[in-house]
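Undergrad: Here you go, query07.cif (mmCIF, C-alpha atoms):
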```
data_run
loop_
_atom_site.group_PDB
_atom_site.id
_atom_site.type_symbol
_atom_site.label_atom_id
_atom_site.label_comp_id
_atom_site.auth_asym_id
_atom_site.auth_seq_id
_atom_site.Cartn_x
_atom_site.Cartn_y
_atom_site.Cartn_z
ATOM 1 C CA MET A 233 99.667 92.269 134.148
ATOM 2 C CA LEU A 234 99.999 92.581 137.896
ATOM 3 C CA CYS A 235 102.575 89.778 137.847
ATOM 4 C CA VAL A 236 104.707 91.810 135.401
ATOM 5 C CA GLN A 237 104.696 94.737 137.826
ATOM 6 C CA ASP A 238 105.560 92.380 140.684
ATOM 7 C CA PHE A 239 108.517 91.069 138.660
ATOM 8 C CA ILE A 240 109.735 94.580 137.793
ATOM 9 C CA ASN A 241 109.486 95.584 141.477
ATOM 10 C CA HIS A 242 111.471 92.448 142.350
ATOM 11 C CA LEU A 243 114.184 93.488 139.864
ATOM 12 C CA ARG A 244 114.322 97.040 141.238
ATOM 13 C CA VAL A 245 114.145 96.328 144.945
ATOM 14 C CA GLU A 246 115.535 92.876 145.558
ATOM 15 C CA ARG A 247 117.980 92.521 142.664
ATOM 16 C CA GLY A 248 118.966 96.218 142.513
ATOM 17 C CA LEU A 249 118.953 96.409 138.713
ATOM 18 C CA ALA A 250 119.359 99.765 137.010
ATOM 19 C CA ALA A 251 116.255 101.764 136.107
ATOM 20 C CA ASN A 252 117.034 101.499 132.371
ATOM 21 C CA THR A 253 117.242 97.702 132.584
ATOM 22 C CA CYS A 254 113.946 97.507 134.463
ATOM 23 C CA GLU A 255 112.248 99.789 131.931
ATOM 24 C CA ALA A 256 113.553 97.704 129.011
ATOM 25 C CA TYR A 257 112.332 94.473 130.632
ATOM 26 C CA GLU A 258 108.951 96.048 131.355
ATOM 27 C CA ARG A 259 108.593 97.118 127.680
ATOM 28 C CA ASP A 260 109.652 93.656 126.523
ATOM 29 C CA LEU A 261 107.189 91.878 128.802
ATOM 30 C CA THR A 262 104.361 94.273 127.882
ATOM 31 C CA HIS A 263 105.030 93.498 124.205
ATOM 32 C CA TYR A 264 104.980 89.766 124.981
ATOM 33 C CA TRP A 265 101.776 90.144 126.990
ATOM 34 C CA ASP A 266 100.125 91.955 124.065
ATOM 35 C CA TYR A 267 101.304 89.268 121.622
ATOM 36 C CA VAL A 268 99.944 86.334 123.622
ATOM 37 C CA GLY A 269 96.699 88.232 124.231
ATOM 38 C CA ASN A 270 96.240 88.816 120.501
ATOM 39 C CA GLU A 271 96.948 85.131 119.854
ATOM 40 C CA GLY A 272 94.320 84.107 122.426
ATOM 41 C CA LEU A 273 96.927 82.520 124.697
ATOM 42 C CA ASP A 274 97.236 82.626 128.462
ATOM 43 C CA PRO A 275 100.764 83.806 129.406
ATOM 44 C CA MET A 276 100.416 82.015 132.736
ATOM 45 C CA LYS A 277 100.051 78.709 130.860
ATOM 46 C CA ALA A 278 102.492 79.371 128.022
ATOM 47 C CA SER A 279 104.274 76.468 126.376
ATOM 48 C CA VAL A 280 107.753 76.289 124.910
ATOM 49 C CA ASP A 281 106.149 76.544 121.455
ATOM 50 C CA ASP A 282 104.337 79.746 122.476
ATOM 51 C CA VAL A 283 107.601 81.401 123.505
ATOM 52 C CA VAL A 284 109.393 80.181 120.358
ATOM 53 C CA SER A 285 106.506 81.535 118.228
ATOM 54 C CA TYR A 286 106.779 84.886 119.974
ATOM 55 C CA LEU A 287 110.526 85.111 119.373
ATOM 56 C CA ALA A 288 110.048 84.148 115.702
ATOM 57 C CA TYR A 289 107.340 86.826 115.437
ATOM 58 C CA CYS A 290 109.817 89.400 116.794
ATOM 59 C CA ARG A 291 112.442 88.407 114.206
ATOM 60 C CA ARG A 292 109.899 88.463 111.358
ATOM 61 C CA HIS A 293 108.975 92.008 112.356
ATOM 62 C CA GLY A 294 112.520 93.260 111.957
ATOM 63 C CA LEU A 295 113.851 93.227 115.516
ATOM 64 C CA SER A 296 117.600 92.728 115.762
ATOM 65 C CA LYS A 297 119.120 89.564 117.193
ATOM 66 C CA SER A 298 120.325 91.488 120.247
ATOM 67 C CA THR A 299 116.817 92.821 120.943
ATOM 68 C CA VAL A 300 115.314 89.349 120.596
ATOM 69 C CA ALA A 301 118.045 87.973 122.890
ATOM 70 C CA ARG A 302 117.167 90.624 125.495
ATOM 71 C CA ARG A 303 113.483 89.723 125.184
ATOM 72 C CA LEU A 304 114.329 86.080 125.761
ATOM 73 C CA ALA A 305 116.370 87.083 128.828
ATOM 74 C CA ALA A 306 113.390 89.079 130.129
ATOM 75 C CA LEU A 307 111.070 86.103 129.602
ATOM 76 C CA ARG A 308 113.533 83.733 131.286
ATOM 77 C CA GLY A 309 113.756 85.931 134.357
ATOM 78 C CA PHE A 310 110.006 86.529 134.390
ATOM 79 C CA TYR A 311 109.047 82.851 134.250
ATOM 80 C CA ARG A 312 111.758 81.890 136.745
ATOM 81 C CA PHE A 313 110.293 84.503 139.109
ATOM 82 C CA LEU A 314 106.733 83.229 138.575
ATOM 83 C CA LEU A 315 107.852 79.641 139.177
ATOM 84 C CA SER A 316 109.656 80.575 142.407
ATOM 85 C CA GLU A 317 106.532 82.417 143.580
ATOM 86 C CA GLY A 318 104.333 79.413 142.795
ATOM 87 C CA ARG A 319 102.281 81.360 140.227
ATOM 88 C CA VAL A 320 103.036 78.974 137.355
ATOM 89 C CA GLU A 321 103.683 75.252 137.307
ATOM 90 C CA PHE A 322 106.057 75.247 134.338
ATOM 91 C CA ASP A 323 108.777 77.545 133.014
ATOM 92 C CA PRO A 324 108.421 77.513 129.214
ATOM 93 C CA CYS A 325 111.896 79.048 128.813
ATOM 94 C CA SER A 326 113.685 76.332 130.793
ATOM 95 C CA LEU A 327 114.139 74.181 127.693
ATOM 96 C CA LEU A 328 115.363 76.995 125.447
ATOM 97 C CA ASP A 329 119.046 77.663 124.827
ATOM 98 C CA SER A 330 120.327 81.197 125.183
ATOM 99 C CA MET A 331 120.812 83.040 121.946
ATOM 100 C CA LYS A 332 124.484 83.295 121.066
ATOM 101 C CA LEU A 333 125.367 86.676 119.642
ATOM 102 C CA PRO A 334 128.541 87.345 117.706
ATOM 103 C CA SER A 335 131.069 89.415 119.561
ATOM 104 C CA TYR A 336 132.655 92.344 117.821
ATOM 105 C CA LEU A 337 135.783 94.225 118.717
ATOM 106 C CA PRO A 338 134.947 97.779 119.693
ATOM 107 C CA HIS A 339 136.005 100.626 117.435
ATOM 108 C CA VAL A 340 138.617 102.710 119.211
ATOM 109 C CA LEU A 341 139.749 106.245 118.540
ATOM 110 C CA SER A 342 143.270 106.959 117.363
ATOM 111 C CA LEU A 343 145.542 109.030 119.614
ATOM 112 C CA ASP A 344 145.061 112.009 117.288
ATOM 113 C CA GLN A 345 141.274 111.673 117.503
ATOM 114 C CA VAL A 346 141.412 111.458 121.305
ATOM 115 C CA ASP A 347 143.615 114.546 121.475
ATOM 116 C CA ARG A 348 141.278 116.515 119.200
ATOM 117 C CA LEU A 349 138.268 115.412 121.259
ATOM 118 C CA LEU A 350 139.875 116.493 124.527
ATOM 119 C CA GLN A 351 140.884 119.864 123.033
ATOM 120 C CA ALA A 352 137.481 120.524 121.409
ATOM 121 C CA PRO A 353 135.884 122.430 124.330
ATOM 122 C CA LYS A 354 137.191 126.002 124.330
ATOM 123 C CA THR A 355 137.955 127.374 127.771
ATOM 124 C CA ASP A 356 136.629 130.848 127.004
ATOM 125 C CA SER A 357 133.336 130.161 128.796
ATOM 126 C CA PRO A 358 132.177 128.382 131.974
ATOM 127 C CA ALA A 359 130.558 125.670 129.828
ATOM 128 C CA GLY A 360 133.874 125.125 128.038
ATOM 129 C CA TYR A 361 135.706 124.556 131.328
ATOM 130 C CA ARG A 362 132.952 122.159 132.424
ATOM 131 C CA ASP A 363 132.989 120.240 129.150
ATOM 132 C CA ARG A 364 136.785 119.945 129.125
ATOM 133 C CA ALA A 365 136.767 118.677 132.732
ATOM 134 C CA MET A 366 134.053 116.139 131.909
ATOM 135 C CA LEU A 367 135.900 114.797 128.871
ATOM 136 C CA GLU A 368 139.220 114.608 130.731
ATOM 137 C CA VAL A 369 137.642 112.711 133.651
ATOM 138 C CA LEU A 370 135.763 110.416 131.277
ATOM 139 C CA TYR A 371 138.916 109.611 129.310
ATOM 140 C CA ALA A 372 141.183 109.276 132.357
ATOM 141 C CA SER A 373 138.875 107.095 134.426
ATOM 142 C CA GLY A 374 136.944 104.919 131.989
ATOM 143 C CA LEU A 375 133.670 105.841 133.687
ATOM 144 C CA ARG A 376 130.379 105.223 131.936
ATOM 145 C CA VAL A 377 128.673 108.422 130.795
ATOM 146 C CA SER A 378 125.802 107.717 133.217
ATOM 147 C CA GLU A 379 128.340 107.541 136.054
ATOM 148 C CA LEU A 380 130.035 110.753 134.927
ATOM 149 C CA VAL A 381 126.854 112.837 134.820
ATOM 150 C CA GLY A 382 125.939 111.572 138.287
ATOM 151 C CA LEU A 383 129.150 112.918 139.849
ATOM 152 C CA ASN A 384 129.399 115.838 142.201
ATOM 153 C CA VAL A 385 132.619 117.847 142.373
ATOM 154 C CA GLY A 386 133.227 116.426 145.856
ATOM 155 C CA ASP A 387 133.296 112.898 144.442
ATOM 156 C CA ILE A 388 136.773 113.579 143.049
ATOM 157 C CA ASP A 389 139.436 113.830 145.744
ATOM 158 C CA GLU A 390 142.803 115.556 145.604
ATOM 159 C CA LEU A 391 144.624 112.214 145.669
ATOM 160 C CA GLY A 392 143.234 111.371 142.249
ATOM 161 C CA PHE A 393 140.325 109.047 142.963
ATOM 162 C CA VAL A 394 136.704 109.280 141.848
ATOM 163 C CA ARG A 395 133.913 107.765 143.901
ATOM 164 C CA CYS A 396 130.972 106.919 141.649
ATOM 165 C CA ILE A 397 127.779 104.901 141.678
ATOM 166 C CA GLY A 398 127.869 102.291 138.925
ATOM 167 C CA LYS A 399 125.439 99.795 137.494
ATOM 168 C CA GLY A 400 122.975 98.387 139.970
ATOM 169 C CA GLY A 401 123.691 101.181 142.451
ATOM 170 C CA ARG A 402 127.093 99.753 143.372
ATOM 171 C CA GLU A 403 129.720 102.201 144.511
ATOM 172 C CA ARG A 404 133.209 102.018 143.046
ATOM 173 C CA ILE A 405 136.396 104.020 143.385
ATOM 174 C CA VAL A 406 138.391 104.720 140.226
ATOM 175 C CA PRO A 407 141.767 106.447 139.825
ATOM 176 C CA VAL A 408 142.158 109.457 137.499
ATOM 177 C CA GLY A 409 145.280 111.190 136.232
ATOM 178 C CA LYS A 410 146.797 114.587 136.973
ATOM 179 C CA LYS A 411 145.606 116.177 133.726
ATOM 180 C CA ALA A 412 141.984 115.314 134.573
ATOM 181 C CA LEU A 413 142.444 116.677 138.112
ATOM 182 C CA ASP A 414 143.910 119.893 136.662
ATOM 183 C CA SER A 415 140.880 120.262 134.371
ATOM 184 C CA VAL A 416 138.487 119.782 137.296
ATOM 185 C CA ASP A 417 140.466 122.349 139.295
ATOM 186 C CA ALA A 418 140.287 124.836 136.383
ATOM 187 C CA TYR A 419 136.530 124.260 136.130
ATOM 188 C CA GLU A 420 136.096 124.906 139.864
ATOM 189 C CA ARG A 421 138.164 128.119 139.668
ATOM 190 C CA TRP A 422 137.049 129.710 136.418
ATOM 191 C CA GLY A 423 133.913 127.941 135.296
ATOM 192 C CA ARG A 424 131.720 126.697 138.120
ATOM 193 C CA GLY A 425 131.235 129.986 139.939
ATOM 194 C CA ARG A 426 130.074 131.682 136.776
#
```
For this file, produce the structure as structure tokens.
TA:
Amino acid sequence: MLCVQDFINHLRVERGLAANTCEAYERDLTHYWDYVGNEGLDPMKASVDDVVSYLAYCRRHGLSKSTVARRLAALRGFYRFLLSEGRVEFDPCSLLDSMKLPSYLPHVLSLDQVDRLLQAPKTDSPAGYRDRAMLEVLYASGLRVSELVGLNVGDIDELGFVRCIGKGGRERIVPVGKKALDSVDAYERWGRGR
């Protein structure tokens, strides 16, 4: 499984993928490695049929289509990496089509629900000021939750911009509104010090 670790290191270091993505790919490839081992197959000499059998095995064992699609993506990247490194002579995923997943419209909150959510934290405690500021910034900026929790107070400037680190470690600057800035200011005054 050394080649799996080499691939994961490649994803982290050279491709700059997020830690969660790397961990998911590592779990997927470990599961694949276990499957081919139990079937008496050599993953370094896998055929198209071996990969198809593995994906069918995943579906038979109740994995969702999106999970199986991610596993196929992990295998594609893994075998492409091995081929580029000269560790395998054939990429068994090269002949497979990507799995097409249905796209669904996201469920959105009504204006009343958004208002109730933003008003939910009570500002009678430091945690309430913090929570209100977090929700206001989240709503005003469209940040991911992982980006929000990685912010420092200094990442929000008085002009109304947030500097955050997004997926893959990429920095981005996002505007926020006055109400969110006011909530951050209230948190700094009455919540953070306590």
Undergrad: Just to confirm, what's the straight-line distance from CA of Glu368 (chain A) to CA of Asp347 (chain A) in Å (one decimal)?
TA: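 CA of Asp347 (chain A) lies at a distance of 10.2 Å from CA of Glu368 (chain A).
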Undergrad: Within 12 Å of Gln351 (chain A), counting all atoms listed in the file, which residues show up once you throw out same-chain ones fewer than 2 positions away? Write them as a short mmCIF file (atom, residue, chain, number, x, y, z; two decimals) with C-alpha atoms, keeping the file's coordinate frame, please.
TA:
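Heads up, here's the output in part_7.cif:
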```
data_model
loop_
_atom_site.label_atom_id
_atom_site.label_comp_id
_atom_site.auth_asym_id
_atom_site.auth_seq_id
_atom_site.Cartn_x
_atom_site.Cartn_y
_atom_site.Cartn_z
CA ASP A 344 145.06 112.01 117.29
CA GLN A 345 141.27 111.67 117.50
CA VAL A 346 141.41 111.46 121.30
CA ASP A 347 143.62 114.55 121.48
CA ARG A 348 141.28 116.52 119.20
CA LEU A 349 138.27 115.41 121.26
CA PRO A 353 135.88 122.43 124.33
CA LYS A 354 137.19 126.00 124.33
CA THR A 355 137.96 127.37 127.77
CA GLY A 360 133.87 125.12 128.04
CA TYR A 361 135.71 124.56 131.33
CA ASP A 363 132.99 120.24 129.15
CA ARG A 364 136.78 119.94 129.12
CA ALA A 365 136.77 118.68 132.73
CA MET A 366 134.05 116.14 131.91
CA LEU A 367 135.90 114.80 128.87
CA GLU A 368 139.22 114.61 130.73
CA SER A 415 140.88 120.26 134.37
#
```
Undergrad: Which residue gives the smallest distance to Val280 (chain A) among A:Asp323, A:Asp329, A:Glu379, A:Asp414, with only C-alpha atoms counted?
TA: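 Ranked by minimum distance to Val280 (chain A), first place goes to A:Asp323.
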Undergrad: Using only C-alpha atoms for the distances, tell me which of A:His242, A:Arg247, A:Arg292, A:Arg421 is nearest to Lys399 (chain A).
TA: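 Result for the nearest residue to Lys399 (chain A): A:Arg247.
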Undergrad: Could you please determine the separation between CA of Val369 (chain A) and CA of Asn384 (chain A) in Å, to one decimal place?
TA: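 Distance between the two atoms: 12.3 Å.
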Undergrad: Quick one, how far is CA of Leu234 (chain A) from CA of Ala250 (chain A)?
TA: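 About the pair CA of Leu234 (chain A) and CA of Ala250 (chain A): they are 20.7 Å apart.
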Undergrad: What lies within 9 Å of Met276 (chain A) using only C-alpha atoms, ignoring chain neighbours under 5 positions off, as a PyMOL selection string?
TA: chain A and resi 311+314+319-322
Undergrad: What would the file look like if the residues just selected were written as a CSV table (one decimal), in the coordinates of the input with C-alpha atoms?
TA:
```
chain,number,residue,atom,x,y,z
A,311,TYR,CA,109.0,82.9,134.2
A,314,LEU,CA,106.7,83.2,138.6
A,319,ARG,CA,102.3,81.4,140.2
A,320,VAL,CA,103.0,79.0,137.4
A,321,GLU,CA,103.7,75.3,137.3
A,322,PHE,CA,106.1,75.2,134.3
```
Undergrad: Can you translate the PyMOL selection byres ((chain A and resi 303) around 10) into the concrete residues it hits in this file, as a list in words?
TA: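 For this structure, the PyMOL selection byres ((chain A and resi 303) around 10) resolves to Ala256, Tyr257, Glu258, Arg259, Asp260, Leu261, His263, Tyr264, Tyr286, Leu287, Cys290, Lys297, Ser298, Thr299, Val300, Ala301, Arg302, Leu304, Ala305, Ala306, Leu307, Arg308 and Gly309 of chain A.
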Undergrad: Applied to this file, what does the PyMOL selection byres ((chain A and resi 423) around 9) return in terms of residues, put as a list of chain:residue names?
TA: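 Those residues are A:Thr355, A:Ser357, A:Pro358, A:Ala359, A:Gly360, A:Tyr361, A:Arg362, A:Ala418, A:Tyr419, A:Glu420, A:Arg421, A:Trp422, A:Arg424, A:Gly425, A:Arg426.
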